[in-house]
file protein00.txt (compact mmCIF, N, CA and C atoms)
# COMPACT_ATOMS: atom_id res chain seq x y z
N PRO A 1421 0.82 -1.20 0.00
CA PRO A 1421 0.00 0.00 0.00
C PRO A 1421 0.86 1.26 0.00
N LYS A 1422 0.31 2.31 -0.56
CA LYS A 1422 1.04 3.58 -0.62
C LYS A 1422 1.13 4.24 0.75
N TYR A 1423 0.08 4.10 1.56
CA TYR A 1423 0.08 4.74 2.88
C TYR A 1423 0.35 3.70 3.95
N LYS A 1424 1.35 3.93 4.74
CA LYS A 1424 1.66 3.05 5.85
C LYS A 1424 1.76 3.91 7.11
N PRO A 1425 0.85 3.71 8.06
CA PRO A 1425 0.89 4.52 9.28
C PRO A 1425 2.22 4.33 10.02
N THR A 1426 2.69 5.39 10.63
CA THR A 1426 3.95 5.31 11.37
C THR A 1426 3.72 5.12 12.86
N ALA A 1427 2.48 5.37 13.32
CA ALA A 1427 2.17 5.21 14.74
C ALA A 1427 0.80 4.55 14.88
N ALA A 1428 0.62 3.87 15.99
CA ALA A 1428 -0.67 3.22 16.25
C ALA A 1428 -1.74 4.27 16.51
N GLN A 1429 -2.97 3.95 16.11
CA GLN A 1429 -4.09 4.84 16.37
C GLN A 1429 -4.37 4.88 17.86
N GLN A 1430 -4.90 6.01 18.32
CA GLN A 1430 -5.25 6.15 19.73
C GLN A 1430 -6.54 5.40 20.05
N GLU A 1431 -7.45 5.32 19.08
CA GLU A 1431 -8.73 4.67 19.30
C GLU A 1431 -8.88 3.48 18.36
N THR A 1432 -9.67 2.52 18.81
CA THR A 1432 -9.97 1.36 17.98
C THR A 1432 -10.95 1.76 16.89
N THR A 1433 -10.76 1.24 15.70
CA THR A 1433 -11.69 1.48 14.61
C THR A 1433 -12.67 0.31 14.55
N HIS A 1434 -13.97 0.64 14.51
CA HIS A 1434 -15.02 -0.38 14.42
C HIS A 1434 -15.69 -0.24 13.06
N ILE A 1435 -15.64 -1.31 12.28
CA ILE A 1435 -16.23 -1.29 10.95
C ILE A 1435 -17.26 -2.42 10.85
N LEU A 1436 -18.47 -2.06 10.46
CA LEU A 1436 -19.53 -3.03 10.24
C LEU A 1436 -19.58 -3.32 8.74
N ALA A 1437 -19.35 -4.57 8.38
CA ALA A 1437 -19.43 -4.98 6.98
C ALA A 1437 -20.69 -5.83 6.82
N PHE A 1438 -21.43 -5.59 5.75
CA PHE A 1438 -22.68 -6.33 5.55
C PHE A 1438 -23.04 -6.33 4.07
N ARG A 1439 -23.97 -7.20 3.73
CA ARG A 1439 -24.55 -7.21 2.38
C ARG A 1439 -25.96 -6.66 2.50
N ASP A 1440 -26.30 -5.73 1.63
CA ASP A 1440 -27.66 -5.20 1.64
C ASP A 1440 -28.59 -6.16 0.91
N LEU A 1441 -29.84 -5.77 0.77
CA LEU A 1441 -30.83 -6.66 0.16
C LEU A 1441 -30.55 -6.93 -1.33
N ASP A 1442 -29.73 -6.09 -1.95
CA ASP A 1442 -29.32 -6.32 -3.34
C ASP A 1442 -27.99 -7.07 -3.42
N PHE A 1443 -27.53 -7.59 -2.27
CA PHE A 1443 -26.29 -8.34 -2.14
C PHE A 1443 -25.04 -7.51 -2.42
N GLU A 1444 -25.16 -6.20 -2.30
CA GLU A 1444 -24.00 -5.32 -2.42
C GLU A 1444 -23.28 -5.28 -1.08
N VAL A 1445 -21.96 -5.40 -1.10
CA VAL A 1445 -21.19 -5.32 0.13
C VAL A 1445 -21.05 -3.85 0.51
N ARG A 1446 -21.35 -3.57 1.77
CA ARG A 1446 -21.28 -2.19 2.26
C ARG A 1446 -20.55 -2.17 3.59
N PHE A 1447 -20.05 -1.00 3.94
CA PHE A 1447 -19.30 -0.82 5.18
C PHE A 1447 -19.81 0.43 5.88
N VAL A 1448 -19.85 0.35 7.21
CA VAL A 1448 -20.21 1.50 8.03
C VAL A 1448 -19.17 1.59 9.15
N VAL A 1449 -18.61 2.77 9.34
CA VAL A 1449 -17.69 2.98 10.45
C VAL A 1449 -18.54 3.35 11.67
N LEU A 1450 -18.32 2.62 12.76
CA LEU A 1450 -19.09 2.83 13.98
C LEU A 1450 -18.22 3.45 15.06
N ASN A 1451 -18.84 4.22 15.94
CA ASN A 1451 -18.11 4.65 17.12
C ASN A 1451 -18.17 3.53 18.15
N ALA A 1452 -17.45 3.67 19.25
CA ALA A 1452 -17.35 2.60 20.24
C ALA A 1452 -18.71 2.26 20.86
N VAL A 1453 -19.54 3.26 21.08
CA VAL A 1453 -20.85 3.03 21.70
C VAL A 1453 -21.76 2.27 20.75
N SER A 1454 -21.79 2.65 19.49
CA SER A 1454 -22.60 1.93 18.50
C SER A 1454 -22.12 0.50 18.34
N ALA A 1455 -20.80 0.30 18.35
CA ALA A 1455 -20.24 -1.04 18.23
C ALA A 1455 -20.65 -1.89 19.43
N ARG A 1456 -20.64 -1.30 20.62
CA ARG A 1456 -21.06 -2.03 21.83
C ARG A 1456 -22.54 -2.41 21.74
N LEU A 1457 -23.36 -1.49 21.27
CA LEU A 1457 -24.79 -1.76 21.12
C LEU A 1457 -25.01 -2.94 20.17
N LEU A 1458 -24.34 -2.93 19.04
CA LEU A 1458 -24.50 -4.03 18.08
C LEU A 1458 -23.95 -5.35 18.63
N ALA A 1459 -22.89 -5.28 19.41
CA ALA A 1459 -22.34 -6.50 20.02
C ALA A 1459 -23.36 -7.11 20.98
N LEU A 1460 -24.01 -6.27 21.78
CA LEU A 1460 -25.03 -6.76 22.70
C LEU A 1460 -26.19 -7.39 21.94
N LEU A 1461 -26.61 -6.76 20.87
CA LEU A 1461 -27.72 -7.28 20.08
C LEU A 1461 -27.33 -8.57 19.36
N HIS A 1462 -26.08 -8.64 18.93
CA HIS A 1462 -25.60 -9.83 18.21
C HIS A 1462 -25.65 -11.07 19.11
N GLU A 1463 -25.43 -10.87 20.41
CA GLU A 1463 -25.48 -12.00 21.34
C GLU A 1463 -26.87 -12.64 21.36
N GLY A 1464 -27.90 -11.85 21.02
CA GLY A 1464 -29.24 -12.39 20.88
C GLY A 1464 -30.04 -12.54 22.16
N ASN A 1465 -29.51 -12.08 23.28
CA ASN A 1465 -30.21 -12.24 24.55
C ASN A 1465 -31.04 -11.03 24.96
N LEU A 1466 -30.81 -9.90 24.33
CA LEU A 1466 -31.45 -8.65 24.75
C LEU A 1466 -32.30 -8.06 23.64
N SER A 1467 -33.37 -7.42 24.03
CA SER A 1467 -34.16 -6.63 23.09
C SER A 1467 -33.39 -5.35 22.82
N GLY A 1468 -33.83 -4.60 21.83
CA GLY A 1468 -33.20 -3.31 21.55
C GLY A 1468 -33.26 -2.39 22.73
N GLU A 1469 -34.42 -2.33 23.37
CA GLU A 1469 -34.60 -1.45 24.53
C GLU A 1469 -33.68 -1.85 25.68
N LYS A 1470 -33.61 -3.14 25.98
CA LYS A 1470 -32.76 -3.60 27.08
C LYS A 1470 -31.28 -3.37 26.76
N ALA A 1471 -30.90 -3.56 25.51
CA ALA A 1471 -29.51 -3.32 25.12
C ALA A 1471 -29.16 -1.84 25.29
N LEU A 1472 -30.09 -0.96 24.92
CA LEU A 1472 -29.85 0.48 25.08
C LEU A 1472 -29.74 0.85 26.56
N HIS A 1473 -30.57 0.26 27.40
CA HIS A 1473 -30.49 0.53 28.83
C HIS A 1473 -29.16 0.03 29.40
N GLN A 1474 -28.69 -1.11 28.90
CA GLN A 1474 -27.41 -1.62 29.38
C GLN A 1474 -26.27 -0.70 28.96
N VAL A 1475 -26.31 -0.24 27.72
CA VAL A 1475 -25.27 0.69 27.26
C VAL A 1475 -25.27 1.96 28.11
N ALA A 1476 -26.45 2.50 28.39
CA ALA A 1476 -26.55 3.71 29.23
C ALA A 1476 -25.97 3.44 30.62
N ALA A 1477 -26.25 2.26 31.17
CA ALA A 1477 -25.72 1.92 32.49
C ALA A 1477 -24.20 1.79 32.44
N GLU A 1478 -23.68 1.15 31.40
CA GLU A 1478 -22.24 0.99 31.26
C GLU A 1478 -21.54 2.34 31.13
N LEU A 1479 -22.20 3.27 30.46
CA LEU A 1479 -21.63 4.61 30.30
C LEU A 1479 -21.78 5.46 31.55
N LYS A 1480 -22.64 4.99 32.47
CA LYS A 1480 -22.97 5.77 33.67
C LYS A 1480 -23.47 7.17 33.27
N HIS A 1481 -24.28 7.18 32.23
CA HIS A 1481 -24.80 8.44 31.70
C HIS A 1481 -25.80 9.03 32.69
N PRO A 1482 -25.70 10.34 32.96
CA PRO A 1482 -26.62 10.96 33.93
C PRO A 1482 -28.07 11.02 33.44
N ASN A 1483 -28.27 10.94 32.12
CA ASN A 1483 -29.62 10.97 31.57
C ASN A 1483 -29.76 9.82 30.58
N PRO A 1484 -30.13 8.63 31.07
CA PRO A 1484 -30.22 7.45 30.20
C PRO A 1484 -31.18 7.62 29.03
N ASP A 1485 -32.19 8.49 29.18
CA ASP A 1485 -33.13 8.71 28.08
C ASP A 1485 -32.43 9.28 26.85
N VAL A 1486 -31.38 10.06 27.06
CA VAL A 1486 -30.61 10.62 25.95
C VAL A 1486 -29.92 9.49 25.18
N VAL A 1487 -29.36 8.54 25.91
CA VAL A 1487 -28.69 7.39 25.28
C VAL A 1487 -29.71 6.56 24.52
N THR A 1488 -30.87 6.33 25.14
CA THR A 1488 -31.91 5.53 24.49
C THR A 1488 -32.39 6.20 23.21
N ALA A 1489 -32.66 7.49 23.27
CA ALA A 1489 -33.13 8.20 22.07
C ALA A 1489 -32.07 8.18 20.97
N GLY A 1490 -30.83 8.43 21.32
CA GLY A 1490 -29.76 8.40 20.33
C GLY A 1490 -29.56 7.02 19.76
N GLY A 1491 -29.65 6.01 20.63
CA GLY A 1491 -29.51 4.62 20.17
C GLY A 1491 -30.61 4.21 19.23
N LEU A 1492 -31.83 4.66 19.50
CA LEU A 1492 -32.94 4.36 18.59
C LEU A 1492 -32.70 4.98 17.22
N GLU A 1493 -32.16 6.19 17.20
CA GLU A 1493 -31.84 6.83 15.91
C GLU A 1493 -30.77 6.04 15.17
N ILE A 1494 -29.78 5.57 15.90
CA ILE A 1494 -28.71 4.77 15.28
C ILE A 1494 -29.27 3.48 14.69
N LEU A 1495 -30.10 2.80 15.47
CA LEU A 1495 -30.69 1.55 14.99
C LEU A 1495 -31.57 1.78 13.77
N GLU A 1496 -32.35 2.85 13.79
CA GLU A 1496 -33.20 3.16 12.63
C GLU A 1496 -32.36 3.48 11.41
N ASP A 1497 -31.27 4.21 11.59
CA ASP A 1497 -30.38 4.53 10.47
C ASP A 1497 -29.76 3.25 9.91
N LEU A 1498 -29.32 2.35 10.76
CA LEU A 1498 -28.75 1.09 10.29
C LEU A 1498 -29.80 0.24 9.57
N ARG A 1499 -31.05 0.30 10.04
CA ARG A 1499 -32.12 -0.42 9.37
C ARG A 1499 -32.36 0.17 7.98
N ARG A 1500 -32.36 1.50 7.87
CA ARG A 1500 -32.55 2.15 6.56
C ARG A 1500 -31.43 1.78 5.59
N GLN A 1501 -30.22 1.62 6.13
CA GLN A 1501 -29.09 1.24 5.29
C GLN A 1501 -29.07 -0.26 4.98
N GLN A 1502 -30.00 -1.00 5.58
CA GLN A 1502 -30.12 -2.44 5.42
C GLN A 1502 -28.99 -3.21 6.08
N ALA A 1503 -28.38 -2.59 7.08
CA ALA A 1503 -27.34 -3.27 7.86
C ALA A 1503 -27.96 -4.20 8.88
N ILE A 1504 -29.15 -3.85 9.36
CA ILE A 1504 -29.90 -4.71 10.27
C ILE A 1504 -31.34 -4.76 9.75
N LEU A 1505 -32.02 -5.82 10.09
CA LEU A 1505 -33.43 -5.94 9.68
C LEU A 1505 -34.35 -5.29 10.70
N GLY A 1506 -33.91 -5.25 11.93
CA GLY A 1506 -34.70 -4.69 13.02
C GLY A 1506 -34.23 -5.36 14.30
N VAL A 1507 -34.86 -5.01 15.42
CA VAL A 1507 -34.52 -5.60 16.71
C VAL A 1507 -35.81 -5.93 17.45
N LEU A 1508 -35.69 -6.80 18.42
CA LEU A 1508 -36.83 -7.12 19.26
C LEU A 1508 -37.14 -5.94 20.17
N LYS A 1509 -38.42 -5.72 20.42
CA LYS A 1509 -38.81 -4.62 21.31
C LYS A 1509 -38.70 -5.04 22.75
call {"tool": "encode", "arguments": {"input": "protein00.txt", "output": "structure tokens"}}
result
Amino acid sequence: PKYKPTAAQQETTHILAFRDLDFEVRFVVLNAVSARLLALLHEGNLSGEKALHQVAAELKHPNPDVVTAGGLEILEDLRRQQAILGVLK
């Protein structure tokens, strides 16, 4: 490759790779919180709501409703992009 980093990144890069409904390969770069949310959902034990509450608790966020609202927007955006089909309520 032409570009070779000289130092390690400070933060981990999270990339979601998926095939959309037309079988096109697509990629989405996620932040750490979005990646954690998807990891919880991937385990299959939690509903979307419970996963969002767990993320808010892990973050020790003073206003968990803000995390839940933002997480719902993220999930809806990923659904529109066909990265996920949906989540359990």
call {"tool": "residues_around", "arguments": {"input": "protein00.txt", "residues": "region 1453-1460 of chain A", "least_positions_apart": "4", "cutoff": "7 Å", "atoms": "all atoms listed in the file", "output": "list in words"}}
result
His1434, Gly1464, Asn1465, Leu1466, Ala1471, Leu1472 and Val1475 of chain A
call {"tool": "atom_distance", "arguments": {"input": "protein00.txt", "atom1": "CA of Pro1421 (chain A)", "atom2": "atom C of Asp1440 (chain A)"}}
result
29.3 Å
call {"tool": "atom_distance", "arguments": {"input": "protein00.txt", "atom1": "CA of Tyr1423 (chain A)", "atom2": "CA of Ala1503 (chain A)"}}
result
29.0 Å
call {"tool": "select_by_dssp", "arguments": {"input": "protein00.txt", "residues": "chain A", "states": "strand (DSSP E)", "output": "PyMOL selection string"}}
result
chain A and resi 1434-1439+1445-1450
call {"tool": "atom_distance", "arguments": {"input": "protein00.txt", "atom1": "CA of Ala1477 (chain A)", "atom2": "CA of Glu1496 (chain A)"}}
result
21.3 Å
call {"tool": "closest_residue", "arguments": {"input": "protein00.txt", "among": "A:Leu1441, A:Ala1452, A:Ile1435, A:Val1487", "to": "His1473 (chain A)", "atoms": "only N, CA and C atoms"}}
result
A:Val1487
call {"tool": "closest_residue", "arguments": {"input": "protein00.txt", "among": "A:Leu1492, A:Val1445, A:Leu1450, A:Ala1427", "to": "Glu1469 (chain A)", "atoms": "only C-alpha atoms"}}
result
A:Leu1492
call {"tool": "select_by_dssp", "arguments": {"input": "protein00.txt", "residues": "region 1466-1509 of chain A", "states": "helix (DSSP H, G or I)", "output": "JSON list (two decimals) with N, CA and C atoms, in the frame of the given file"}}
result
[["chain", "number", "residue", "atom", "x", "y", "z"],
["A", 1468, "GLY", "N", -33.83, -4.60, 21.83],
["A", 1468, "GLY", "CA", -33.20, -3.31, 21.55],
["A", 1468, "GLY", "C", -33.26, -2.39, 22.73],
["A", 1469, "GLU", "N", -34.42, -2.33, 23.37],
["A", 1469, "GLU", "CA", -34.60, -1.45, 24.53],
["A", 1469, "GLU", "C", -33.68, -1.85, 25.68],
["A", 1470, "LYS", "N", -33.61, -3.14, 25.98],
["A", 1470, "LYS", "CA", -32.76, -3.60, 27.08],
["A", 1470, "LYS", "C", -31.28, -3.37, 26.76],
["A", 1471, "ALA", "N", -30.90, -3.56, 25.51],
["A", 1471, "ALA", "CA", -29.51, -3.32, 25.12],
["A", 1471, "ALA", "C", -29.16, -1.84, 25.29],
["A", 1472, "LEU", "N", -30.09, -0.96, 24.92],
["A", 1472, "LEU", "CA", -29.85, 0.48, 25.08],
["A", 1472, "LEU", "C", -29.74, 0.85, 26.56],
["A", 1473, "HIS", "N", -30.57, 0.26, 27.40],
["A", 1473, "HIS", "CA", -30.49, 0.53, 28.83],
["A", 1473, "HIS", "C", -29.16, 0.03, 29.40],
["A", 1474, "GLN", "N", -28.69, -1.11, 28.90],
["A", 1474, "GLN", "CA", -27.41, -1.62, 29.38],
["A", 1474, "GLN", "C", -26.27, -0.70, 28.96],
["A", 1475, "VAL", "N", -26.31, -0.24, 27.72],
["A", 1475, "VAL", "CA", -25.27, 0.69, 27.26],
["A", 1475, "VAL", "C", -25.27, 1.96, 28.11],
["A", 1476, "ALA", "N", -26.45, 2.50, 28.39],
["A", 1476, "ALA", "CA", -26.55, 3.71, 29.23],
["A", 1476, "ALA", "C", -25.97, 3.44, 30.62],
["A", 1477, "ALA", "N", -26.25, 2.26, 31.17],
["A", 1477, "ALA", "CA", -25.72, 1.92, 32.49],
["A", 1477, "ALA", "C", -24.20, 1.79, 32.44],
["A", 1478, "GLU", "N", -23.68, 1.15, 31.40],
["A", 1478, "GLU", "CA", -22.24, 0.99, 31.26],
["A", 1478, "GLU", "C", -21.54, 2.34, 31.13],
["A", 1479, "LEU", "N", -22.20, 3.27, 30.46],
["A", 1479, "LEU", "CA", -21.63, 4.61, 30.30],
["A", 1479, "LEU", "C", -21.78, 5.46, 31.55],
["A", 1484, "PRO", "N", -30.13, 8.63, 31.07],
["A", 1484, "PRO", "CA", -30.22, 7.45, 30.20],
["A", 1484, "PRO", "C", -31.18, 7.62, 29.03],
["A", 1485, "ASP", "N", -32.19, 8.49, 29.18],
["A", 1485, "ASP", "CA", -33.13, 8.71, 28.08],
["A", 1485, "ASP", "C", -32.43, 9.28, 26.85],
["A", 1486, "VAL", "N", -31.38, 10.06, 27.06],
["A", 1486, "VAL", "CA", -30.61, 10.62, 25.95],
["A", 1486, "VAL", "C", -29.92, 9.49, 25.18],
["A", 1487, "VAL", "N", -29.36, 8.54, 25.91],
["A", 1487, "VAL", "CA", -28.69, 7.39, 25.28],
["A", 1487, "VAL", "C", -29.71, 6.56, 24.52],
["A", 1488, "THR", "N", -30.87, 6.33, 25.14],
["A", 1488, "THR", "CA", -31.91, 5.53, 24.49],
["A", 1488, "THR", "C", -32.39, 6.20, 23.21],
["A", 1489, "ALA", "N", -32.66, 7.49, 23.27],
["A", 1489, "ALA", "CA", -33.13, 8.20, 22.07],
["A", 1489, "ALA", "C", -32.07, 8.18, 20.97],
["A", 1490, "GLY", "N", -30.83, 8.43, 21.32],
["A", 1490, "GLY", "CA", -29.76, 8.40, 20.33],
["A", 1490, "GLY", "C", -29.56, 7.02, 19.76],
["A", 1491, "GLY", "N", -29.65, 6.01, 20.63],
["A", 1491, "GLY", "CA", -29.51, 4.62, 20.17],
["A", 1491, "GLY", "C", -30.61, 4.21, 19.23],
["A", 1492, "LEU", "N", -31.83, 4.66, 19.50],
["A", 1492, "LEU", "CA", -32.94, 4.36, 18.59],
["A", 1492, "LEU", "C", -32.70, 4.98, 17.22],
["A", 1493, "GLU", "N", -32.16, 6.19, 17.20],
["A", 1493, "GLU", "CA", -31.84, 6.83, 15.91],
["A", 1493, "GLU", "C", -30.77, 6.04, 15.17],
["A", 1494, "ILE", "N", -29.78, 5.57, 15.90],
["A", 1494, "ILE", "CA", -28.71, 4.77, 15.28],
["A", 1494, "ILE", "C", -29.27, 3.48, 14.69],
["A", 1495, "LEU", "N", -30.10, 2.80, 15.47],
["A", 1495, "LEU", "CA", -30.69, 1.55, 14.99],
["A", 1495, "LEU", "C", -31.57, 1.78, 13.77],
["A", 1496, "GLU", "N", -32.35, 2.85, 13.79],
["A", 1496, "GLU", "CA", -33.20, 3.16, 12.63],
["A", 1496, "GLU", "C", -32.36, 3.48, 11.41],
["A", 1497, "ASP", "N", -31.27, 4.21, 11.59],
["A", 1497, "ASP", "CA", -30.38, 4.53, 10.47],
["A", 1497, "ASP", "C", -29.76, 3.25, 9.91],
["A", 1498, "LEU", "N", -29.32, 2.35, 10.76],
["A", 1498, "LEU", "CA", -28.75, 1.09, 10.29],
["A", 1498, "LEU", "C", -29.80, 0.24, 9.57],
["A", 1499, "ARG", "N", -31.05, 0.30, 10.04],
["A", 1499, "ARG", "CA", -32.12, -0.42, 9.37],
["A", 1499, "ARG", "C", -32.36, 0.17, 7.98],
["A", 1500, "ARG", "N", -32.36, 1.50, 7.87],
["A", 1500, "ARG", "CA", -32.55, 2.15, 6.56],
["A", 1500, "ARG", "C", -31.43, 1.78, 5.59]]
call {"tool": "closest_residue", "arguments": {"input": "protein00.txt", "among": "A:Glu1431, A:Gly1506, A:Leu1479, A:Pro1425", "to": "Ser1467 (chain A)", "atoms": "only C-alpha atoms"}}
result
A:Gly1506
call {"tool": "residues_around", "arguments": {"input": "protein00.txt", "residues": "Ala1437 (chain A)", "least_positions_apart": "3", "cutoff": "6.5 Å", "atoms": "all atoms listed in the file", "output": "mmCIF file with N, CA and C atoms, in the coordinates of the input"}}
result
data_model
loop_
_atom_site.group_PDB
_atom_site.id
_atom_site.type_symbol
_atom_site.label_atom_id
_atom_site.label_comp_id
_atom_site.auth_asym_id
_atom_site.auth_seq_id
_atom_site.Cartn_x
_atom_site.Cartn_y
_atom_site.Cartn_z
ATOM 1 N N ARG A 1446 -21.350 -3.570 1.770
ATOM 2 C CA ARG A 1446 -21.280 -2.190 2.260
ATOM 3 C C ARG A 1446 -20.550 -2.170 3.590
ATOM 4 N N PHE A 1447 -20.050 -1.000 3.940
ATOM 5 C CA PHE A 1447 -19.300 -0.820 5.180
ATOM 6 C C PHE A 1447 -19.810 0.430 5.880
ATOM 7 N N VAL A 1448 -19.850 0.350 7.210
ATOM 8 C CA VAL A 1448 -20.210 1.500 8.030
ATOM 9 C C VAL A 1448 -19.170 1.590 9.150
#
call {"tool": "build_atoms", "arguments": {"input": "protein00.txt", "residues": "region 1428-1449 of chain A", "atoms": "N, CA, C and O atoms", "output": "JSON list (two decimals), keeping the file's coordinate frame"}}
result
[["chain", "number", "residue", "atom", "x", "y", "z"],
["A", 1428, "ALA", "N", 0.62, 3.87, 15.99],
["A", 1428, "ALA", "CA", -0.67, 3.22, 16.25],
["A", 1428, "ALA", "C", -1.74, 4.27, 16.51],
["A", 1428, "ALA", "O", -1.46, 5.34, 17.05],
["A", 1429, "GLN", "N", -2.97, 3.95, 16.11],
["A", 1429, "GLN", "CA", -4.09, 4.84, 16.37],
["A", 1429, "GLN", "C", -4.37, 4.88, 17.86],
["A", 1429, "GLN", "O", -4.14, 3.91, 18.57],
["A", 1430, "GLN", "N", -4.90, 6.01, 18.32],
["A", 1430, "GLN", "CA", -5.25, 6.15, 19.73],
["A", 1430, "GLN", "C", -6.54, 5.40, 20.05],
["A", 1430, "GLN", "O", -6.72, 4.93, 21.16],
["A", 1431, "GLU", "N", -7.45, 5.32, 19.08],
["A", 1431, "GLU", "CA", -8.73, 4.67, 19.30],
["A", 1431, "GLU", "C", -8.88, 3.48, 18.36],
["A", 1431, "GLU", "O", -8.33, 3.45, 17.27],
["A", 1432, "THR", "N", -9.67, 2.52, 18.81],
["A", 1432, "THR", "CA", -9.97, 1.36, 17.98],
["A", 1432, "THR", "C", -10.95, 1.76, 16.89],
["A", 1432, "THR", "O", -11.87, 2.54, 17.14],
["A", 1433, "THR", "N", -10.76, 1.24, 15.70],
["A", 1433, "THR", "CA", -11.69, 1.48, 14.61],
["A", 1433, "THR", "C", -12.67, 0.31, 14.55],
["A", 1433, "THR", "O", -12.26, -0.85, 14.55],
["A", 1434, "HIS", "N", -13.97, 0.64, 14.51],
["A", 1434, "HIS", "CA", -15.02, -0.38, 14.42],
["A", 1434, "HIS", "C", -15.69, -0.24, 13.06],
["A", 1434, "HIS", "O", -16.23, 0.82, 12.74],
["A", 1435, "ILE", "N", -15.64, -1.31, 12.28],
["A", 1435, "ILE", "CA", -16.23, -1.29, 10.95],
["A", 1435, "ILE", "C", -17.26, -2.42, 10.85],
["A", 1435, "ILE", "O", -16.95, -3.57, 11.14],
["A", 1436, "LEU", "N", -18.47, -2.06, 10.46],
["A", 1436, "LEU", "CA", -19.53, -3.03, 10.24],
["A", 1436, "LEU", "C", -19.58, -3.32, 8.74],
["A", 1436, "LEU", "O", -19.79, -2.41, 7.94],
["A", 1437, "ALA", "N", -19.35, -4.57, 8.38],
["A", 1437, "ALA", "CA", -19.43, -4.98, 6.98],
["A", 1437, "ALA", "C", -20.69, -5.83, 6.82],
["A", 1437, "ALA", "O", -20.99, -6.67, 7.67],
["A", 1438, "PHE", "N", -21.43, -5.59, 5.75],
["A", 1438, "PHE", "CA", -22.68, -6.33, 5.55],
["A", 1438, "PHE", "C", -23.04, -6.33, 4.07],
["A", 1438, "PHE", "O", -22.51, -5.56, 3.28],
["A", 1439, "ARG", "N", -23.97, -7.20, 3.73],
["A", 1439, "ARG", "CA", -24.55, -7.21, 2.38],
["A", 1439, "ARG", "C", -25.96, -6.66, 2.50],
["A", 1439, "ARG", "O", -26.73, -7.09, 3.35],
["A", 1440, "ASP", "N", -26.30, -5.73, 1.63],
["A", 1440, "ASP", "CA", -27.66, -5.20, 1.64],
["A", 1440, "ASP", "C", -28.59, -6.16, 0.91],
["A", 1440, "ASP", "O", -28.18, -7.24, 0.49],
["A", 1441, "LEU", "N", -29.84, -5.77, 0.77],
["A", 1441, "LEU", "CA", -30.83, -6.66, 0.16],
["A", 1441, "LEU", "C", -30.55, -6.93, -1.33],
["A", 1441, "LEU", "O", -31.09, -7.88, -1.89],
["A", 1442, "ASP", "N", -29.73, -6.09, -1.95],
["A", 1442, "ASP", "CA", -29.32, -6.32, -3.34],
["A", 1442, "ASP", "C", -27.99, -7.07, -3.42],
["A", 1442, "ASP", "O", -27.39, -7.17, -4.47],
["A", 1443, "PHE", "N", -27.53, -7.59, -2.27],
["A", 1443, "PHE", "CA", -26.29, -8.34, -2.14],
["A", 1443, "PHE", "C", -25.04, -7.51, -2.42],
["A", 1443, "PHE", "O", -23.99, -8.06, -2.76],
["A", 1444, "GLU", "N", -25.16, -6.20, -2.30],
["A", 1444, "GLU", "CA", -24.00, -5.32, -2.42],
["A", 1444, "GLU", "C", -23.28, -5.28, -1.08],
["A", 1444, "GLU", "O", -23.92, -5.15, -0.03],
["A", 1445, "VAL", "N", -21.96, -5.40, -1.10],
["A", 1445, "VAL", "CA", -21.19, -5.32, 0.13],
["A", 1445, "VAL", "C", -21.05, -3.85, 0.51],
["A", 1445, "VAL", "O", -20.71, -3.00, -0.33],
["A", 1446, "ARG", "N", -21.35, -3.57, 1.77],
["A", 1446, "ARG", "CA", -21.28, -2.19, 2.26],
["A", 1446, "ARG", "C", -20.55, -2.17, 3.59],
["A", 1446, "ARG", "O", -20.47, -3.17, 4.28],
["A", 1447, "PHE", "N", -20.05, -1.00, 3.94],
["A", 1447, "PHE", "CA", -19.30, -0.82, 5.18],
["A", 1447, "PHE", "C", -19.81, 0.43, 5.88],
["A", 1447, "PHE", "O", -20.14, 1.42, 5.24],
["A", 1448, "VAL", "N", -19.85, 0.35, 7.21],
["A", 1448, "VAL", "CA", -20.21, 1.50, 8.03],
["A", 1448, "VAL", "C", -19.17, 1.59, 9.15],
["A", 1448, "VAL", "O", -18.89, 0.58, 9.82],
["A", 1449, "VAL", "N", -18.61, 2.77, 9.34],
["A", 1449, "VAL", "CA", -17.69, 2.98, 10.45],
["A", 1449, "VAL", "C", -18.54, 3.35, 11.67],
["A", 1449, "VAL", "O", -19.37, 4.25, 11.60]]
